[in-house]
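Notes follow the structure.
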Amino acid sequence: MTLIRPFATLIVNDLTENITSTTEVEKMLRNASAQILKQFIRHRTTDTSLILERSINRVQLLGRVGQDPVMRQVEGRNPVTIFSMATNEMWRSGEGEPTSTGDVSQKTTWHRISVFKPGLRDVAYQYVKKGSRILVEGKLDYGEYTDKNNVRRQATTIIADNIVFLSENLRDQ
């Protein structure tokens, strides 16, 4: 705290030279001292709960729909539209050689897409069809559920924020 006082005095002297209005000086002092205090707390605290960090949970998938969507209402909450989506990864064995004629391998990954946004949920239910090529933007969500046999299972879901329809037949409708 001993460093703050000389710094505040320096600010006061500088401000009073350039500004004649007392209320402007007081306002600027309050802003400056608030900023100094925030910086002091942020850098001197050991309590990490006071420091807020930004983070990103963002997913983009480009692929084909594996099943027609279904709309469900879980435990009296808002309805949700759910469908599956496949993405493919392809590679050629013998990679690294410019004239490689190796075998082409492919891996398909299936994703569970859930749409909660009211407007998007209805559009997805109405227009997403099996085989459609779409781009889904959203976030990852991990959860647990109990299946029919009372076995606890892990589930990874993409919570969709946006869907872009890429199939020609859907654009023309």
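Order determines the names: the first chain of the structure tokens is A, the second B, and so forth; residues in each chain are numbered 1 upward, and ligands are numbered 1 upward as they are shown.
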Give me, as a ChimeraX atom specification, all polymer residues having an atom no more than 9 Å from Ile113 (chain A), counting only C-alpha atoms and skipping those fewer than 5 positions away in the same chain. /A:81-85,136,157-160
File dump, residues just selected, N, CA, C and O atoms, as a tab-separated table (two decimals), in the first residue's frame:
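Written file, selection-v6.tsv:
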chain	number	residue	atom	x	y	z
A	81	THR	N	-33.85	-31.25	-29.75
A	81	THR	CA	-33.79	-32.03	-30.98
A	81	THR	C	-32.44	-32.73	-31.00
A	81	THR	O	-31.41	-32.11	-30.77
A	82	ILE	N	-32.47	-34.04	-31.26
A	82	ILE	CA	-31.25	-34.86	-31.21
A	82	ILE	C	-31.10	-35.60	-32.53
A	82	ILE	O	-32.07	-36.14	-33.07
A	83	PHE	N	-29.87	-35.62	-33.04
A	83	PHE	CA	-29.57	-36.44	-34.20
A	83	PHE	C	-28.09	-36.81	-34.17
A	83	PHE	O	-27.31	-36.25	-33.41
A	84	SER	N	-27.72	-37.79	-34.99
A	84	SER	CA	-26.32	-38.19	-35.07
A	84	SER	C	-25.70	-37.64	-36.34
A	84	SER	O	-26.41	-37.37	-37.32
A	85	MET	N	-24.40	-37.52	-36.32
A	85	MET	CA	-23.68	-36.96	-37.46
A	85	MET	C	-22.35	-37.70	-37.59
A	85	MET	O	-21.70	-37.99	-36.59
A	136	VAL	N	-22.06	-28.02	-38.33
A	136	VAL	CA	-22.59	-27.74	-36.99
A	136	VAL	C	-21.53	-27.01	-36.19
A	136	VAL	O	-20.37	-27.43	-36.15
A	157	THR	N	-21.62	-35.02	-26.00
A	157	THR	CA	-22.62	-34.42	-26.87
A	157	THR	C	-22.10	-33.08	-27.38
A	157	THR	O	-21.40	-32.37	-26.67
A	158	ILE	N	-22.49	-32.75	-28.60
A	158	ILE	CA	-22.23	-31.43	-29.15
A	158	ILE	C	-23.51	-30.63	-28.98
A	158	ILE	O	-24.56	-31.01	-29.50
A	159	ILE	N	-23.47	-29.55	-28.22
A	159	ILE	CA	-24.62	-28.66	-28.06
A	159	ILE	C	-24.54	-27.63	-29.19
A	159	ILE	O	-23.66	-26.77	-29.18
A	160	ALA	N	-25.45	-27.74	-30.16
A	160	ALA	CA	-25.37	-26.91	-31.37
A	160	ALA	C	-25.85	-25.49	-31.10
A	160	ALA	O	-26.89	-25.28	-30.50
Residue contacts of region 124-131 of chain A (9 Å, only C-alpha atoms) excluding same-chain residues fewer than 4 positions away, as a list in words: Arg64, Val65, Gly66, Gln67, Asp68, Pro69, Val70, Met71, Thr81, Ile82, Phe83, Ser84, Met85, Val115, Gly119, Leu120, Ile163, Phe165, Ser167 and Leu170 of chain A
Can I get the selected residues back with all heavy atoms, as a short mmCIF file (atom, residue, chain, number, x, y, z; two decimals), in the first residue's frame?
data_model
loop_
_atom_site.label_atom_id
_atom_site.label_comp_id
_atom_site.auth_asym_id
_atom_site.auth_seq_id
_atom_site.Cartn_x
_atom_site.Cartn_y
_atom_site.Cartn_z
N ARG A 64 -22.08 -35.62 -42.49
CA ARG A 64 -23.41 -36.04 -42.94
C ARG A 64 -24.22 -36.56 -41.76
O ARG A 64 -23.70 -37.16 -40.83
CB ARG A 64 -23.29 -37.14 -43.98
CG ARG A 64 -22.62 -36.65 -45.25
CD ARG A 64 -23.20 -37.32 -46.47
NE ARG A 64 -22.59 -36.79 -47.68
CZ ARG A 64 -23.19 -35.94 -48.48
NH1 ARG A 64 -24.41 -35.52 -48.22
NH2 ARG A 64 -22.59 -35.50 -49.56
N VAL A 65 -25.52 -36.28 -41.84
CA VAL A 65 -26.47 -36.69 -40.79
C VAL A 65 -26.69 -38.19 -40.90
O VAL A 65 -26.91 -38.73 -41.99
CB VAL A 65 -27.80 -35.92 -40.93
CG1 VAL A 65 -28.80 -36.38 -39.90
CG2 VAL A 65 -27.54 -34.42 -40.82
N GLY A 66 -26.65 -38.88 -39.77
CA GLY A 66 -26.79 -40.34 -39.76
C GLY A 66 -28.20 -40.82 -39.54
O GLY A 66 -28.53 -41.96 -39.86
N GLN A 67 -29.05 -39.99 -38.97
CA GLN A 67 -30.44 -40.38 -38.72
C GLN A 67 -31.31 -39.14 -38.70
O GLN A 67 -30.83 -38.06 -38.40
CB GLN A 67 -30.57 -41.11 -37.38
CG GLN A 67 -30.32 -40.19 -36.18
CD GLN A 67 -30.43 -40.89 -34.85
OE1 GLN A 67 -30.19 -42.07 -34.76
NE2 GLN A 67 -30.79 -40.15 -33.83
N ASP A 68 -32.58 -39.31 -39.03
CA ASP A 68 -33.52 -38.20 -38.93
C ASP A 68 -33.59 -37.75 -37.48
O ASP A 68 -33.53 -38.58 -36.56
CB ASP A 68 -34.90 -38.61 -39.42
CG ASP A 68 -34.97 -38.74 -40.94
OD1 ASP A 68 -34.12 -38.13 -41.62
OD2 ASP A 68 -35.86 -39.44 -41.43
N PRO A 69 -33.73 -36.46 -37.23
CA PRO A 69 -33.76 -35.98 -35.85
C PRO A 69 -35.03 -36.40 -35.11
O PRO A 69 -36.07 -36.63 -35.73
CB PRO A 69 -33.72 -34.46 -35.99
CG PRO A 69 -33.93 -34.14 -37.40
CD PRO A 69 -33.78 -35.38 -38.20
N VAL A 70 -34.90 -36.50 -33.80
CA VAL A 70 -36.05 -36.75 -32.93
C VAL A 70 -36.11 -35.62 -31.92
O VAL A 70 -35.09 -35.05 -31.56
CB VAL A 70 -35.95 -38.12 -32.19
CG1 VAL A 70 -36.05 -39.27 -33.16
CG2 VAL A 70 -34.68 -38.21 -31.38
N MET A 71 -37.32 -35.27 -31.50
CA MET A 71 -37.48 -34.24 -30.49
C MET A 71 -37.93 -34.91 -29.20
O MET A 71 -38.87 -35.69 -29.20
CB MET A 71 -38.50 -33.17 -30.92
CG MET A 71 -38.44 -31.95 -30.02
SD MET A 71 -39.50 -30.58 -30.53
CE MET A 71 -38.70 -30.01 -31.99
N THR A 81 -33.85 -31.25 -29.75
CA THR A 81 -33.79 -32.03 -30.98
C THR A 81 -32.44 -32.73 -31.00
O THR A 81 -31.41 -32.11 -30.77
CB THR A 81 -33.94 -31.12 -32.22
OG1 THR A 81 -35.24 -30.53 -32.18
CG2 THR A 81 -33.78 -31.90 -33.49
N ILE A 82 -32.47 -34.04 -31.26
CA ILE A 82 -31.25 -34.86 -31.21
C ILE A 82 -31.10 -35.60 -32.53
O ILE A 82 -32.07 -36.14 -33.07
CB ILE A 82 -31.33 -35.87 -30.05
CG1 ILE A 82 -31.48 -35.14 -28.73
CG2 ILE A 82 -30.11 -36.78 -30.04
CD1 ILE A 82 -31.83 -36.03 -27.56
N PHE A 83 -29.87 -35.62 -33.04
CA PHE A 83 -29.57 -36.44 -34.20
C PHE A 83 -28.09 -36.81 -34.17
O PHE A 83 -27.31 -36.25 -33.41
CB PHE A 83 -29.94 -35.73 -35.52
CG PHE A 83 -29.25 -34.42 -35.75
CD1 PHE A 83 -28.07 -34.35 -36.46
CD2 PHE A 83 -29.81 -33.24 -35.28
CE1 PHE A 83 -27.44 -33.14 -36.68
CE2 PHE A 83 -29.19 -32.02 -35.51
CZ PHE A 83 -28.00 -31.97 -36.22
N SER A 84 -27.72 -37.79 -34.99
CA SER A 84 -26.32 -38.19 -35.07
C SER A 84 -25.70 -37.64 -36.34
O SER A 84 -26.41 -37.37 -37.32
CB SER A 84 -26.18 -39.71 -35.02
OG SER A 84 -26.79 -40.28 -36.15
N MET A 85 -24.40 -37.52 -36.32
CA MET A 85 -23.68 -36.96 -37.46
C MET A 85 -22.35 -37.70 -37.59
O MET A 85 -21.70 -37.99 -36.59
CB MET A 85 -23.45 -35.47 -37.21
CG MET A 85 -22.75 -34.76 -38.30
SD MET A 85 -22.70 -33.01 -37.88
CE MET A 85 -21.67 -32.42 -39.18
N VAL A 115 -29.80 -29.97 -29.93
CA VAL A 115 -30.13 -28.58 -30.24
C VAL A 115 -31.18 -28.11 -29.24
O VAL A 115 -32.31 -28.61 -29.25
CB VAL A 115 -30.66 -28.42 -31.68
CG1 VAL A 115 -30.82 -26.96 -32.03
CG2 VAL A 115 -29.75 -29.13 -32.68
N GLY A 119 -35.52 -21.55 -31.67
CA GLY A 119 -35.70 -21.40 -33.12
C GLY A 119 -34.92 -22.43 -33.90
O GLY A 119 -35.42 -23.07 -34.83
N LEU A 120 -33.66 -22.64 -33.52
CA LEU A 120 -32.79 -23.59 -34.20
C LEU A 120 -33.27 -25.02 -34.00
O LEU A 120 -33.19 -25.84 -34.91
CB LEU A 120 -31.36 -23.42 -33.71
CG LEU A 120 -30.28 -24.22 -34.44
CD1 LEU A 120 -30.24 -23.84 -35.91
CD2 LEU A 120 -28.94 -24.00 -33.77
N ILE A 163 -26.39 -24.19 -37.27
CA ILE A 163 -26.35 -25.26 -38.26
C ILE A 163 -26.42 -24.61 -39.63
O ILE A 163 -27.28 -23.78 -39.89
CB ILE A 163 -27.52 -26.25 -38.09
CG1 ILE A 163 -27.46 -26.92 -36.72
CG2 ILE A 163 -27.52 -27.29 -39.20
CD1 ILE A 163 -28.64 -27.81 -36.40
N PHE A 165 -26.82 -25.56 -43.60
CA PHE A 165 -27.23 -26.62 -44.50
C PHE A 165 -26.43 -26.53 -45.79
O PHE A 165 -26.42 -25.49 -46.45
CB PHE A 165 -28.73 -26.51 -44.80
CG PHE A 165 -29.58 -26.71 -43.56
CD1 PHE A 165 -29.97 -25.63 -42.79
CD2 PHE A 165 -29.95 -27.98 -43.17
CE1 PHE A 165 -30.73 -25.81 -41.66
CE2 PHE A 165 -30.71 -28.18 -42.04
CZ PHE A 165 -31.10 -27.10 -41.27
N SER A 167 -26.37 -29.36 -48.22
CA SER A 167 -26.91 -30.22 -49.27
C SER A 167 -27.77 -29.40 -50.21
O SER A 167 -28.55 -28.56 -49.77
CB SER A 167 -27.75 -31.33 -48.65
OG SER A 167 -26.92 -32.20 -47.91
N LEU A 170 -31.68 -29.38 -49.75
CA LEU A 170 -32.24 -28.61 -48.64
C LEU A 170 -32.27 -27.12 -48.96
O LEU A 170 -33.15 -26.40 -48.51
CB LEU A 170 -31.43 -28.83 -47.37
CG LEU A 170 -31.58 -30.22 -46.77
CD1 LEU A 170 -30.67 -30.36 -45.55
CD2 LEU A 170 -33.00 -30.51 -46.40
#
Could you state the separation of CA of Phe116 (chain A) and CA of Asn78 (chain A) in Å, given to one decimal place? 7.4 Å
Could you give me, as a ChimeraX atom specification, the residues within 6 Å of Gly63 (chain A), counting only C-alpha atoms and dropping anything in the same chain fewer than 3 positions from it? /A:86-87,133-134
Near Gln154 (chain A), within 8 Å and counting only C-alpha atoms, which residues show up once chain neighbours fewer than 2 positions away are dropped, as an NGL selection string? :A and (142-145 or 152 or 156)
Now that the selection is made, can you save its residues with C-alpha atoms as a PDB file, in the first residue's frame?
ATOM      1  CA  TYR A 142     -19.816 -34.373 -21.139  1.00  0.00           C
ATOM      2  CA  GLY A 143     -22.434 -36.084 -19.030  1.00  0.00           C
ATOM      3  CA  GLU A 144     -23.742 -39.274 -17.553  1.00  0.00           C
ATOM      4  CA  TYR A 145     -26.973 -41.129 -18.004  1.00  0.00           C
ATOM      5  CA  ARG A 152     -24.368 -45.684 -15.792  1.00  0.00           C
ATOM      6  CA  THR A 156     -20.233 -36.793 -25.117  1.00  0.00           C
TER       7      THR A 156
END
Residues flagged helix (DSSP H, G or I) by DSSP in region 76-161 of chain A, as an MDAnalysis selection string: chainID A and resid 118:127
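Distances to Ile56 (chain A) were evaluated for A:Lys139, A:Leu37, A:Lys148, A:Asn162 using only C-alpha atoms, and the minimum falls at A:Lys139.
Taking CA of Pro118 (chain A) and CA of Glu137 (chain A) as endpoints, the distance between them is 15.8 Å.
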I want to know what sits within 10 Å of Trp91 (chain A), based on only C-alpha atoms, with residues of the same chain fewer than 2 positions away left out; could you give that as a PyMOL selection string? chain A and resi 89+93-95+102-107
Please indicate the distance in Å from CA of Asp122 (chain A) to CA of Gln73 (chain A), rounded to one decimal place. 13.2 Å
Residues of region 39-171 of chain A in strand (DSSP E or B), written as a PyMOL selection string: chain A and resi 59-65+70-73+79-92+104-115+133-146+152-165
